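Coordinates from run.txt are shown below (compact mmCIF, C-alpha atoms (C1' of nucleotides) and all ligand atoms).
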```
# COMPACT_ATOMS: atom_id res chain seq x y z
CA MET A 1 0.00 0.00 0.00
CA GLU A 2 1.76 3.10 -1.16
CA ARG A 3 1.81 6.41 0.64
CA ASP A 4 -0.62 9.10 -0.37
CA GLU A 5 1.34 11.41 -2.61
CA THR A 6 -1.29 13.81 -3.78
CA TYR A 7 0.51 16.69 -2.12
CA GLU A 8 -2.56 18.85 -1.90
CA HIS A 9 -0.77 21.81 -0.39
CA ALA A 10 1.99 21.70 -2.98
CA GLN A 11 -0.61 21.35 -5.73
CA LYS A 12 -2.32 24.49 -4.50
CA LEU A 13 0.90 26.48 -4.38
CA LEU A 14 1.83 25.51 -7.91
CA LYS A 15 -1.61 26.32 -9.21
CA MET A 16 -1.34 29.75 -7.61
CA THR A 17 1.92 30.48 -9.32
CA GLY A 18 0.90 29.13 -12.70
CA LEU A 19 3.74 26.62 -12.73
CA ARG A 20 2.91 23.20 -14.18
CA PRO A 21 2.53 20.61 -11.45
CA THR A 22 5.24 18.23 -12.56
CA ARG A 23 6.39 15.36 -10.42
CA GLN A 24 9.65 17.17 -9.62
CA ARG A 25 8.07 20.48 -8.72
CA LEU A 26 5.45 18.79 -6.57
CA GLY A 27 8.03 16.79 -4.71
CA LEU A 28 10.31 19.77 -4.13
CA ALA A 29 7.42 22.01 -3.06
CA HIS A 30 6.39 19.34 -0.59
CA LEU A 31 9.87 19.18 0.89
CA LEU A 32 10.13 22.95 1.07
CA PHE A 33 6.72 24.05 2.23
CA ASP A 34 5.11 21.22 4.15
CA GLN A 35 7.24 21.22 7.25
CA GLY A 36 7.60 24.76 8.57
CA ASN A 37 10.18 27.36 7.62
CA ARG A 38 13.40 26.12 6.11
CA HIS A 39 16.81 27.29 4.92
CA VAL A 40 18.18 25.02 2.22
CA THR A 41 20.94 24.96 -0.34
CA ALA A 42 20.38 23.54 -3.80
CA GLU A 43 22.66 20.62 -3.09
CA GLY A 44 21.10 19.99 0.29
CA LEU A 45 17.63 19.92 -1.17
CA HIS A 46 18.79 17.74 -4.02
CA SER A 47 20.24 15.06 -1.79
CA GLU A 48 17.19 15.26 0.45
CA ALA A 49 14.97 14.72 -2.57
CA CYS A 50 17.02 11.76 -3.73
CA LYS A 51 16.88 10.20 -0.28
CA SER A 52 13.12 10.62 -0.22
CA GLY A 53 12.83 8.68 -3.45
CA LEU A 54 12.17 11.60 -5.77
CA SER A 55 14.14 11.29 -9.00
CA VAL A 56 15.31 14.76 -9.89
CA SER A 57 18.47 16.28 -11.32
CA LEU A 58 20.50 19.00 -9.67
CA ALA A 59 19.81 21.27 -12.65
CA THR A 60 16.10 20.92 -12.06
CA VAL A 61 16.53 21.71 -8.39
CA TYR A 62 18.26 24.95 -9.36
CA ASN A 63 15.61 25.73 -11.98
CA THR A 64 12.82 25.06 -9.54
CA LEU A 65 14.32 27.08 -6.72
CA HIS A 66 14.71 30.04 -9.04
CA GLN A 67 11.15 29.68 -10.30
CA PHE A 68 9.84 29.55 -6.73
CA MET A 69 11.84 32.67 -5.96
CA GLU A 70 10.46 34.44 -8.99
CA ALA A 71 6.99 33.40 -7.86
CA GLY A 72 7.63 34.93 -4.46
CA LEU A 73 7.57 31.64 -2.57
CA LEU A 74 11.22 31.84 -1.54
CA ASN A 75 13.86 34.35 -0.59
CA GLN A 76 17.54 34.06 -1.25
CA VAL A 77 20.25 34.49 1.36
CA ASN A 78 23.75 35.12 0.09
CA LEU A 79 26.72 34.56 2.24
CA GLU A 80 30.41 34.00 2.02
CA GLY A 81 31.95 31.36 -0.13
CA ALA A 82 29.54 31.31 -3.04
CA ARG A 83 26.99 29.32 -1.08
CA THR A 84 23.43 30.41 -1.66
CA TYR A 85 20.64 29.50 0.72
CA PHE A 86 16.94 29.60 -0.04
CA ASP A 87 14.61 30.66 2.71
CA THR A 88 10.92 29.85 3.01
CA ASN A 89 10.42 32.58 5.61
CA LEU A 90 9.14 35.54 3.61
CA GLU A 91 9.05 38.02 6.49
CA PRO A 92 11.89 40.53 6.57
CA HIS A 93 14.40 39.21 9.08
CA GLY A 94 18.06 38.77 9.81
CA HIS A 95 20.11 35.61 10.08
CA TYR A 96 22.53 33.94 12.35
CA TYR A 97 25.07 32.01 10.34
CA PHE A 98 26.66 29.19 12.32
CA ALA A 99 29.89 29.14 10.39
CA ASP A 100 31.25 25.97 11.96
CA ARG A 101 28.12 24.05 11.06
CA ARG A 102 27.26 25.98 7.91
CA GLU A 103 23.69 26.49 9.07
CA LEU A 104 21.32 29.41 9.05
CA MET A 105 18.84 30.47 11.69
CA ASP A 106 16.45 33.38 11.78
CA VAL A 107 17.39 36.11 14.21
CA PRO A 108 14.65 35.75 16.79
CA ALA A 109 14.06 39.45 17.28
CA PRO A 110 15.15 42.14 14.84
CA GLY A 111 18.09 43.97 16.40
CA PHE A 112 18.05 46.42 13.55
CA ASP A 113 15.52 48.81 12.22
CA LYS A 114 15.28 48.85 8.47
CA THR A 115 13.34 52.09 8.59
CA ALA A 116 16.22 53.77 10.35
CA LEU A 117 18.41 53.43 7.28
CA PRO A 118 19.44 56.71 5.73
CA ALA A 119 17.71 57.45 2.44
CA PRO A 120 19.56 55.80 -0.45
CA PRO A 121 21.43 57.94 -2.98
CA GLU A 122 19.42 59.71 -5.71
CA GLY A 123 18.29 57.55 -8.59
CA THR A 124 18.52 54.29 -6.66
CA GLN A 125 16.10 52.21 -4.66
CA ILE A 126 16.63 49.59 -2.00
CA THR A 127 15.85 46.14 -3.33
CA ARG A 128 17.03 44.14 -0.37
CA VAL A 129 18.58 44.41 3.05
CA ASP A 130 20.68 41.55 4.34
CA VAL A 131 21.74 41.30 7.94
CA ILE A 132 23.99 38.37 8.65
CA VAL A 133 25.44 37.72 12.06
CA THR A 134 28.21 35.17 11.79
CA LEU A 135 28.75 32.95 14.81
CA HIS A 136 31.54 30.59 15.70
CA ASP A 137 31.55 27.96 18.37
CA VAL A 138 33.25 29.37 21.42
CA PRO A 139 36.59 27.51 21.73
CA LYS A 140 37.01 26.25 25.32
CA MET B 1 64.00 61.10 -14.06
CA GLU B 2 61.97 58.33 -12.55
CA ARG B 3 59.22 58.69 -9.97
CA ASP B 4 60.07 58.29 -6.32
CA GLU B 5 58.95 54.79 -5.42
CA THR B 6 60.16 54.46 -1.87
CA TYR B 7 56.58 54.06 -0.64
CA GLU B 8 57.42 55.19 2.88
CA HIS B 9 53.90 54.69 4.17
CA ALA B 10 53.61 51.21 2.69
CA GLN B 11 57.05 50.36 4.09
CA LYS B 12 55.91 51.36 7.54
CA LEU B 13 52.74 49.27 7.34
CA LEU B 14 54.64 46.20 6.24
CA LYS B 15 57.21 46.66 8.95
CA MET B 16 54.43 46.87 11.52
CA THR B 17 52.91 43.62 10.37
CA GLY B 18 56.18 41.74 10.07
CA LEU B 19 55.59 41.00 6.39
CA ARG B 20 58.64 41.20 4.16
CA PRO B 21 58.62 44.33 2.05
CA THR B 22 58.68 42.70 -1.36
CA ARG B 23 58.15 44.69 -4.52
CA GLN B 24 54.65 43.21 -4.94
CA ARG B 25 53.52 43.81 -1.36
CA LEU B 26 54.85 47.35 -1.41
CA GLY B 27 53.10 48.14 -4.66
CA LEU B 28 49.81 46.63 -3.53
CA ALA B 29 49.97 48.32 -0.13
CA HIS B 30 50.58 51.61 -1.91
CA LEU B 31 47.53 51.13 -4.12
CA LEU B 32 45.38 50.08 -1.18
CA PHE B 33 46.39 52.45 1.58
CA ASP B 34 47.77 55.61 0.04
CA GLN B 35 44.60 57.09 -1.37
CA GLY B 36 41.85 56.99 1.24
CA ASN B 37 39.42 54.18 1.97
CA ARG B 38 38.79 51.67 -0.77
CA HIS B 39 36.67 48.65 -1.66
CA VAL B 40 38.44 46.39 -4.12
CA THR B 41 38.13 42.94 -5.57
CA ALA B 42 41.17 40.79 -6.20
CA GLU B 43 40.74 41.04 -9.92
CA GLY B 44 40.13 44.77 -9.79
CA LEU B 45 43.27 45.34 -7.77
CA HIS B 46 45.23 43.02 -10.03
CA SER B 47 44.34 44.89 -13.20
CA GLU B 48 44.97 48.18 -11.45
CA ALA B 49 48.40 46.97 -10.43
CA CYS B 50 49.19 45.81 -13.94
CA LYS B 51 48.12 49.15 -15.40
CA SER B 52 50.33 50.97 -12.90
CA GLY B 53 53.32 49.00 -14.12
CA LEU B 54 53.62 46.62 -11.18
CA SER B 55 54.34 43.10 -12.32
CA VAL B 56 52.33 40.80 -10.08
CA SER B 57 50.33 37.62 -10.54
CA LEU B 58 46.71 37.19 -9.58
CA ALA B 59 47.72 34.46 -7.12
CA THR B 60 49.98 36.90 -5.34
CA VAL B 61 47.21 39.48 -5.18
CA TYR B 62 45.01 36.90 -3.45
CA ASN B 63 47.83 35.87 -1.12
CA THR B 64 48.62 39.45 -0.24
CA LEU B 65 45.01 40.45 0.36
CA HIS B 66 44.60 37.53 2.73
CA GLN B 67 47.82 38.37 4.53
CA PHE B 68 46.73 41.98 4.93
CA MET B 69 43.42 40.73 6.31
CA GLU B 70 45.18 38.46 8.76
CA ALA B 71 47.30 41.42 9.80
CA GLY B 72 44.18 43.45 10.46
CA LEU B 73 44.77 45.95 7.67
CA LEU B 74 41.72 44.91 5.67
CA ASN B 75 38.20 43.64 6.18
CA GLN B 76 36.33 41.34 3.89
CA VAL B 77 32.86 41.98 2.53
CA ASN B 78 31.01 39.00 1.13
CA LEU B 79 28.13 39.42 -1.18
CA GLU B 80 26.12 37.50 -3.71
CA GLY B 81 27.71 35.69 -6.58
CA ALA B 82 30.96 34.58 -5.01
CA ARG B 83 32.48 38.02 -5.41
CA THR B 84 34.57 39.05 -2.44
CA TYR B 85 35.46 42.65 -1.75
CA PHE B 86 38.24 43.88 0.49
CA ASP B 87 37.67 47.01 2.52
CA THR B 88 40.31 49.33 3.92
CA ASN B 89 37.78 50.92 6.26
CA LEU B 90 38.29 49.12 9.55
CA GLU B 91 35.46 50.79 11.46
CA PRO B 92 32.31 48.72 11.88
CA HIS B 93 29.91 49.88 9.21
CA GLY B 94 27.32 48.72 6.71
CA HIS B 95 27.41 48.83 2.94
CA TYR B 96 25.36 49.95 0.03
CA TYR B 97 25.83 47.58 -2.86
CA PHE B 98 25.06 49.21 -6.19
CA ALA B 99 24.08 46.02 -7.95
CA ASP B 100 23.89 47.52 -11.43
CA ARG B 101 27.38 48.91 -11.14
CA ARG B 102 28.79 46.22 -8.86
CA GLU B 103 30.21 48.80 -6.52
CA LEU B 104 30.30 49.14 -2.75
CA MET B 105 29.87 52.26 -0.65
CA ASP B 106 29.93 52.69 3.09
CA VAL B 107 26.56 53.41 4.65
CA PRO B 108 27.04 57.01 5.75
CA ALA B 109 25.28 56.60 9.07
CA PRO B 110 24.61 53.31 10.82
CA GLY B 111 20.90 52.57 10.57
CA PHE B 112 21.29 49.61 12.82
CA ASP B 113 22.54 49.10 16.31
CA LYS B 114 24.82 46.17 16.74
CA THR B 115 24.39 46.29 20.47
CA ALA B 116 20.66 45.79 20.07
CA LEU B 117 21.17 42.30 18.72
CA PRO B 118 19.77 39.57 20.91
CA ALA B 119 22.42 37.54 22.71
CA PRO B 120 23.69 34.73 20.49
CA PRO B 121 22.85 31.12 21.36
CA GLU B 122 24.83 29.40 24.12
CA GLY B 123 28.30 28.21 23.18
CA THR B 124 28.67 30.60 20.27
CA GLN B 125 30.10 34.05 19.80
CA ILE B 126 29.56 36.72 17.19
CA THR B 127 32.55 37.01 14.89
CA ARG B 128 31.08 39.41 12.40
CA VAL B 129 28.00 41.35 11.51
CA ASP B 130 27.33 42.16 7.89
CA VAL B 131 24.71 44.63 6.82
CA ILE B 132 24.32 44.92 3.09
CA VAL B 133 21.75 47.17 1.51
CA THR B 134 21.37 46.29 -2.14
CA LEU B 135 20.40 49.12 -4.46
CA HIS B 136 19.26 49.12 -8.04
CA ASP B 137 19.01 52.07 -10.38
CA VAL B 138 15.46 53.33 -10.38
CA PRO B 139 14.04 52.41 -13.83
CA LYS B 140 12.36 55.48 -15.40
C1' DA C 1 79.79 41.44 -4.00
C1' DA C 2 78.93 36.49 -3.92
C1' DC C 3 76.55 32.58 -1.14
C1' DG C 4 72.84 30.23 0.64
C1' DC C 5 68.61 29.77 3.07
C1' DC C 6 64.08 30.23 3.25
C1' DA C 7 60.12 33.16 2.26
C1' DA C 8 57.55 34.71 -1.56
C1' DA C 9 55.94 34.79 -6.29
C1' DT C 10 54.39 32.36 -10.16
C1' DA C 11 51.83 29.62 -13.90
C1' DG C 12 48.70 26.67 -14.42
C1' DA C 13 45.78 23.03 -12.70
C1' DA C 14 42.09 22.10 -9.64
C1' DC C 15 38.03 23.28 -7.23
C1' DG C 16 33.01 24.13 -5.90
C1' DA C 17 28.90 26.31 -6.77
C1' DT C 18 26.24 27.64 -10.36
C1' DT C 19 24.63 28.28 -15.18
C1' DC C 20 24.16 26.88 -19.87
C1' DT C 21 23.30 23.80 -23.93
C1' DA C 22 21.29 20.74 -26.68
C1' DA C 23 18.80 16.48 -26.55
C1' DT C 24 15.04 13.86 -24.57
C1' DC C 25 10.84 13.37 -22.05
C1' DT C 26 6.08 15.19 -20.14
C1' DT C 27 2.16 17.67 -19.83
C1' DA C 28 -1.72 19.80 -21.66
C1' DT C 29 -4.62 20.40 -25.54
C1' DC C 30 -7.10 18.93 -29.68
C1' DG D 1 -3.52 9.29 -29.65
C1' DA D 2 -1.22 13.02 -32.13
C1' DT D 3 0.84 17.47 -31.47
C1' DA D 4 3.02 21.42 -29.65
C1' DA D 5 4.84 23.73 -25.91
C1' DG D 6 7.02 23.26 -21.66
C1' DA D 7 10.08 20.74 -18.44
C1' DT D 8 13.85 17.71 -17.31
C1' DT D 9 18.33 16.01 -18.03
C1' DA D 10 23.48 14.96 -18.45
C1' DG D 11 27.23 16.93 -19.13
C1' DA D 12 29.98 20.87 -20.56
C1' DA D 13 31.10 25.51 -19.49
C1' DT D 14 31.81 29.42 -16.43
C1' DC D 15 33.53 32.17 -12.65
C1' DG D 16 35.90 33.43 -8.69
C1' DT D 17 39.01 31.44 -5.85
C1' DT D 18 42.49 28.12 -3.98
C1' DC D 19 46.14 24.79 -4.47
C1' DT D 20 50.57 22.75 -6.16
C1' DA D 21 54.90 22.40 -7.66
C1' DT D 22 58.51 25.27 -9.36
C1' DT D 23 61.21 29.34 -9.73
C1' DT D 24 62.60 33.76 -7.98
C1' DG D 25 64.20 37.08 -4.72
C1' DG D 26 65.13 39.25 -0.01
C1' DC D 27 68.39 39.33 3.32
C1' DG D 28 71.79 37.96 6.68
C1' DT D 29 76.45 35.96 6.40
C1' DT D 30 80.87 35.59 4.44
MN MN E 1 24.69 25.10 -2.66
MN MN E 2 36.99 39.09 -7.17
ZN ZN E 3 15.40 33.04 7.37
ZN ZN E 4 33.30 49.72 3.69
```

What would the structure in this file look like if it were written as structure tokens?
Amino acid sequence: MERDETYEHAQKLLKMTGLRPTRQRLGLAHLLFDQGNRHVTAEGLHSEACKSGLSVSLATVYNTLHQFMEAGLLNQVNLEGARTYFDTNLEPHGHYYFADRRELMDVPAPGFDKTALPAPPEGTQITRVDVIVTLHDVPK
Amino acid sequence: MERDETYEHAQKLLKMTGLRPTRQRLGLAHLLFDQGNRHVTAEGLHSEACKSGLSVSLATVYNTLHQFMEAGLLNQVNLEGARTYFDTNLEPHGHYYFADRRELMDVPAPGFDKTALPAPPEGTQITRVDVIVTLHDVPK
DNA sequence: AACGCCAAATAGAACGATTCTAATCTTATC
DNA sequence: GATAAGATTAGAATCGTTCTATTTGGCGTT
């Protein structure tokens, strides 16, 4: 008796965005959006998908993540070393980056006030504000 | 009559850090520290050095930038797309990133208060705080 | 000034994350 | 079920950066 894989919630999200509900997109949407907020890398999500039995290529994971971003379902978090994380938390917020573990966590309370930023130079507009607090394990 | 290339200021900096005053390090230190605060990439600095007549390899530019960082003469700024910038401004400060021009600028006044950050999780310590405000040219 | 030791510089290969390309497969429609 | 448009794929290409093995050069000693 096989598991129910209708993925109703994922179905609904894809319908909303106008993206075709392919097997890959359904599976990835399920992994991303059916278990609370997440911070994933493309490679992390890819191996997770493979482990869960979903056959999908890394290229498709990248394509899908970018499409979900475009659709406003994900935000990107850029940090050092060319690693890009994708964040299902759409609220404006900062991040702790646990450098030793290479993991991201939302900053529980905003220690910064985006509205307190000085007005940007003429002819430009703010398109994003990233606040990244890097943490290392304390030696001892 | 050739230009005076004693680079007194650069000499002094290298002496302070204990790094040998090689031709390459002197030339790079001169470019970095003898004309006010700067934000440079390795490749940018490399081509600048080449144009100025200094013979230096890209590998050495990377080595030198890292050594200057280690010595506390430079800070790193990480942003999207694997591009790393090196900053001669050692004060804590945020950055505007002009995405269309790929240029960095210090945020004139701090719109955030580092001390207002919630205490980091047990067993960890803050090693850096990055605030990057990305700007795009306003269309019209 | 020549000698030798070791640090530093170098060219080029390797790397890791991401993007691209061109071929194959799916989905949606008729 | 045929068709056309869209999606997936493997593998090559790209980009910034790091590594490796070799050569060069700074500097204290003769
Ligand atoms: Mn990744
Ligand atoms: Mn660079
Ligand atoms: Zn987050
Ligand atoms: Zn700066």

Counting all atoms listed in the file, which of B:His39, B:His46, B:Arg23, B:His136 gets nearest to chain D?
B:Arg23

Identify every residue of chain A that has at least one atom within 7 Å of any atom of chain B, counting only C-alpha atoms, and report the result as number ranges by chain.
A: 78-82, 109, 111-113, 116-118, 123-138

Determine which residues of chain D sit within 10 Å of chain B, taking into account only C-alpha atoms (C1' of nucleotides), and present them as an NGL selection string.
:D and (15-18 or 25-27)

Could you write out that same residue set with C-alpha atoms (C1' of nucleotides) as a PDB file, keeping the file's coordinate frame?
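File produced: out.pdb:
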```pdb
ATOM      1  C1'  DC D  15      33.530  32.170 -12.650  1.00  0.00           C
ATOM      2  C1'  DG D  16      35.900  33.430  -8.690  1.00  0.00           C
ATOM      3  C1'  DT D  17      39.010  31.440  -5.850  1.00  0.00           C
ATOM      4  C1'  DT D  18      42.490  28.120  -3.980  1.00  0.00           C
ATOM      5  C1'  DG D  25      64.200  37.080  -4.720  1.00  0.00           C
ATOM      6  C1'  DG D  26      65.130  39.250  -0.010  1.00  0.00           C
ATOM      7  C1'  DC D  27      68.390  39.330   3.320  1.00  0.00           C
TER       8       DC D  27
END
```

Enter the distance from CA of Ala10 in chain A to C1' of DT24 in chain C, in Å, rounded to one decimal.
26.4 Å

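Residues from chain C that have an atom within 10 Å of chain A, counting only C-alpha atoms (C1' of nucleotides), are DG16, DA17, DT18, DT19, DT26, DT27 and DA28 of chain C.
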
For the reference chain B, what are the coordinates of chain A after least-squares fitting (all Cα, in-order pairing), as a JSON list (two decimals) with C-alpha atoms, in the coordinates of the input?
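Saved to superposed.json:
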```json
[["chain", "number", "residue", "atom", "x", "y", "z"],
["A", 1, "MET", "CA", 63.99, 60.81, -14.12],
["A", 2, "GLU", "CA", 61.96, 58.10, -12.50],
["A", 3, "ARG", "CA", 59.25, 58.60, -9.94],
["A", 4, "ASP", "CA", 60.07, 58.24, -6.28],
["A", 5, "GLU", "CA", 58.93, 54.77, -5.36],
["A", 6, "THR", "CA", 60.12, 54.45, -1.82],
["A", 7, "TYR", "CA", 56.56, 54.08, -0.60],
["A", 8, "GLU", "CA", 57.36, 55.19, 2.91],
["A", 9, "HIS", "CA", 53.85, 54.68, 4.22],
["A", 10, "ALA", "CA", 53.59, 51.21, 2.72],
["A", 11, "GLN", "CA", 57.04, 50.37, 4.10],
["A", 12, "LYS", "CA", 55.88, 51.34, 7.56],
["A", 13, "LEU", "CA", 52.73, 49.26, 7.35],
["A", 14, "LEU", "CA", 54.63, 46.19, 6.26],
["A", 15, "LYS", "CA", 57.21, 46.62, 8.97],
["A", 16, "MET", "CA", 54.41, 46.82, 11.52],
["A", 17, "THR", "CA", 52.90, 43.58, 10.37],
["A", 18, "GLY", "CA", 56.18, 41.71, 10.07],
["A", 19, "LEU", "CA", 55.60, 40.97, 6.39],
["A", 20, "ARG", "CA", 58.67, 41.18, 4.16],
["A", 21, "PRO", "CA", 58.64, 44.33, 2.08],
["A", 22, "THR", "CA", 58.70, 42.74, -1.35],
["A", 23, "ARG", "CA", 58.15, 44.73, -4.49],
["A", 24, "GLN", "CA", 54.67, 43.23, -4.92],
["A", 25, "ARG", "CA", 53.54, 43.82, -1.36],
["A", 26, "LEU", "CA", 54.85, 47.37, -1.40],
["A", 27, "GLY", "CA", 53.10, 48.16, -4.63],
["A", 28, "LEU", "CA", 49.80, 46.64, -3.52],
["A", 29, "ALA", "CA", 49.95, 48.33, -0.11],
["A", 30, "HIS", "CA", 50.54, 51.63, -1.87],
["A", 31, "LEU", "CA", 47.50, 51.13, -4.08],
["A", 32, "LEU", "CA", 45.35, 50.08, -1.15],
["A", 33, "PHE", "CA", 46.36, 52.43, 1.61],
["A", 34, "ASP", "CA", 47.72, 55.61, 0.09],
["A", 35, "GLN", "CA", 44.55, 57.07, -1.33],
["A", 36, "GLY", "CA", 41.80, 56.96, 1.28],
["A", 37, "ASN", "CA", 39.37, 54.15, 2.00],
["A", 38, "ARG", "CA", 38.76, 51.65, -0.75],
["A", 39, "HIS", "CA", 36.64, 48.64, -1.65],
["A", 40, "VAL", "CA", 38.43, 46.39, -4.12],
["A", 41, "THR", "CA", 38.13, 42.93, -5.57],
["A", 42, "ALA", "CA", 41.18, 40.79, -6.19],
["A", 43, "GLU", "CA", 40.75, 41.05, -9.93],
["A", 44, "GLY", "CA", 40.14, 44.77, -9.78],
["A", 45, "LEU", "CA", 43.27, 45.34, -7.76],
["A", 46, "HIS", "CA", 45.23, 43.05, -10.02],
["A", 47, "SER", "CA", 44.35, 44.91, -13.19],
["A", 48, "GLU", "CA", 44.95, 48.21, -11.44],
["A", 49, "ALA", "CA", 48.39, 47.01, -10.42],
["A", 50, "CYS", "CA", 49.20, 45.88, -13.93],
["A", 51, "LYS", "CA", 48.09, 49.21, -15.36],
["A", 52, "SER", "CA", 50.29, 51.03, -12.88],
["A", 53, "GLY", "CA", 53.30, 49.08, -14.09],
["A", 54, "LEU", "CA", 53.60, 46.69, -11.17],
["A", 55, "SER", "CA", 54.33, 43.15, -12.33],
["A", 56, "VAL", "CA", 52.35, 40.85, -10.10],
["A", 57, "SER", "CA", 50.35, 37.66, -10.56],
["A", 58, "LEU", "CA", 46.73, 37.22, -9.60],
["A", 59, "ALA", "CA", 47.76, 34.49, -7.15],
["A", 60, "THR", "CA", 50.01, 36.93, -5.36],
["A", 61, "VAL", "CA", 47.23, 39.49, -5.20],
["A", 62, "TYR", "CA", 45.05, 36.91, -3.47],
["A", 63, "ASN", "CA", 47.89, 35.88, -1.15],
["A", 64, "THR", "CA", 48.64, 39.46, -0.26],
["A", 65, "LEU", "CA", 45.04, 40.44, 0.35],
["A", 66, "HIS", "CA", 44.64, 37.51, 2.71],
["A", 67, "GLN", "CA", 47.86, 38.37, 4.52],
["A", 68, "PHE", "CA", 46.73, 41.98, 4.93],
["A", 69, "MET", "CA", 43.43, 40.72, 6.29],
["A", 70, "GLU", "CA", 45.18, 38.43, 8.73],
["A", 71, "ALA", "CA", 47.31, 41.39, 9.78],
["A", 72, "GLY", "CA", 44.18, 43.41, 10.45],
["A", 73, "LEU", "CA", 44.78, 45.92, 7.66],
["A", 74, "LEU", "CA", 41.71, 44.87, 5.68],
["A", 75, "ASN", "CA", 38.20, 43.61, 6.17],
["A", 76, "GLN", "CA", 36.33, 41.31, 3.88],
["A", 77, "VAL", "CA", 32.86, 41.96, 2.52],
["A", 78, "ASN", "CA", 30.99, 38.98, 1.12],
["A", 79, "LEU", "CA", 28.11, 39.40, -1.17],
["A", 80, "GLU", "CA", 26.11, 37.53, -3.71],
["A", 81, "GLY", "CA", 27.66, 35.75, -6.61],
["A", 82, "ALA", "CA", 30.92, 34.60, -5.09],
["A", 83, "ARG", "CA", 32.45, 38.05, -5.40],
["A", 84, "THR", "CA", 34.55, 39.05, -2.44],
["A", 85, "TYR", "CA", 35.45, 42.65, -1.75],
["A", 86, "PHE", "CA", 38.25, 43.86, 0.49],
["A", 87, "ASP", "CA", 37.66, 46.98, 2.50],
["A", 88, "THR", "CA", 40.29, 49.31, 3.92],
["A", 89, "ASN", "CA", 37.77, 50.91, 6.27],
["A", 90, "LEU", "CA", 38.27, 49.07, 9.56],
["A", 91, "GLU", "CA", 35.44, 50.77, 11.45],
["A", 92, "PRO", "CA", 32.30, 48.69, 11.89],
["A", 93, "HIS", "CA", 29.89, 49.86, 9.21],
["A", 94, "GLY", "CA", 27.31, 48.74, 6.72],
["A", 95, "HIS", "CA", 27.39, 48.83, 2.94],
["A", 96, "TYR", "CA", 25.35, 49.94, 0.05],
["A", 97, "TYR", "CA", 25.81, 47.57, -2.85],
["A", 98, "PHE", "CA", 25.04, 49.19, -6.19],
["A", 99, "ALA", "CA", 24.07, 46.01, -7.95],
["A", 100, "ASP", "CA", 23.87, 47.51, -11.42],
["A", 101, "ARG", "CA", 27.37, 48.89, -11.15],
["A", 102, "ARG", "CA", 28.78, 46.20, -8.88],
["A", 103, "GLU", "CA", 30.18, 48.80, -6.50],
["A", 104, "LEU", "CA", 30.28, 49.14, -2.76],
["A", 105, "MET", "CA", 29.85, 52.24, -0.65],
["A", 106, "ASP", "CA", 29.91, 52.69, 3.09],
["A", 107, "VAL", "CA", 26.54, 53.43, 4.63],
["A", 108, "PRO", "CA", 27.03, 57.01, 5.73],
["A", 109, "ALA", "CA", 25.29, 56.66, 9.07],
["A", 110, "PRO", "CA", 24.64, 53.35, 10.81],
["A", 111, "GLY", "CA", 20.92, 52.63, 10.53],
["A", 112, "PHE", "CA", 21.36, 49.63, 12.75],
["A", 113, "ASP", "CA", 22.58, 49.13, 16.23],
["A", 114, "LYS", "CA", 24.86, 46.18, 16.65],
["A", 115, "THR", "CA", 24.44, 46.33, 20.40],
["A", 116, "ALA", "CA", 20.72, 45.85, 20.02],
["A", 117, "LEU", "CA", 21.23, 42.33, 18.70],
["A", 118, "PRO", "CA", 19.81, 39.62, 20.90],
["A", 119, "ALA", "CA", 22.45, 37.59, 22.71],
["A", 120, "PRO", "CA", 23.73, 34.77, 20.49],
["A", 121, "PRO", "CA", 22.90, 31.16, 21.34],
["A", 122, "GLU", "CA", 24.89, 29.43, 24.12],
["A", 123, "GLY", "CA", 28.35, 28.26, 23.18],
["A", 124, "THR", "CA", 28.72, 30.65, 20.25],
["A", 125, "GLN", "CA", 30.18, 34.09, 19.79],
["A", 126, "ILE", "CA", 29.62, 36.74, 17.17],
["A", 127, "THR", "CA", 32.61, 37.03, 14.88],
["A", 128, "ARG", "CA", 31.14, 39.42, 12.37],
["A", 129, "VAL", "CA", 28.03, 41.36, 11.49],
["A", 130, "ASP", "CA", 27.35, 42.17, 7.86],
["A", 131, "VAL", "CA", 24.72, 44.65, 6.82],
["A", 132, "ILE", "CA", 24.31, 44.93, 3.09],
["A", 133, "VAL", "CA", 21.74, 47.17, 1.51],
["A", 134, "THR", "CA", 21.36, 46.28, -2.14],
["A", 135, "LEU", "CA", 20.38, 49.11, -4.46],
["A", 136, "HIS", "CA", 19.23, 49.10, -8.05],
["A", 137, "ASP", "CA", 19.01, 52.03, -10.38],
["A", 138, "VAL", "CA", 15.45, 53.26, -10.39],
["A", 139, "PRO", "CA", 14.02, 52.37, -13.84],
["A", 140, "LYS", "CA", 12.32, 55.45, -15.35]]
```

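Of note, CA of Gly72 in chain B and C1' of DT10 in chain C are spaced 25.5 Å apart.
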
Residues within 12 Å of (23.6, 15.3, -18.7), file coordinates, counting only C-alpha atoms (C1' of nucleotides): what are they? Give the list as a PDB file with C-alpha atoms (C1' of nucleotides), keeping the file's coordinate frame.
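Once everything was written out, this is result02.pdb:
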```
ATOM      1  CA  SER A  57      18.470  16.280 -11.320  1.00  0.00           C
ATOM      2  CA  LEU A  58      20.500  19.000  -9.670  1.00  0.00           C
ATOM      3  CA  ALA A  59      19.810  21.270 -12.650  1.00  0.00           C
ATOM      4  CA  THR A  60      16.100  20.920 -12.060  1.00  0.00           C
TER       5      THR A  60
ATOM      6  C1'  DC C  20      24.160  26.880 -19.870  1.00  0.00           C
ATOM      7  C1'  DT C  21      23.300  23.800 -23.930  1.00  0.00           C
ATOM      8  C1'  DA C  22      21.290  20.740 -26.680  1.00  0.00           C
ATOM      9  C1'  DA C  23      18.800  16.480 -26.550  1.00  0.00           C
ATOM     10  C1'  DT C  24      15.040  13.860 -24.570  1.00  0.00           C
TER      11       DT C  24
ATOM     12  C1'  DT D   8      13.850  17.710 -17.310  1.00  0.00           C
ATOM     13  C1'  DT D   9      18.330  16.010 -18.030  1.00  0.00           C
ATOM     14  C1'  DA D  10      23.480  14.960 -18.450  1.00  0.00           C
ATOM     15  C1'  DG D  11      27.230  16.930 -19.130  1.00  0.00           C
ATOM     16  C1'  DA D  12      29.980  20.870 -20.560  1.00  0.00           C
TER      17       DA D  12
END
```
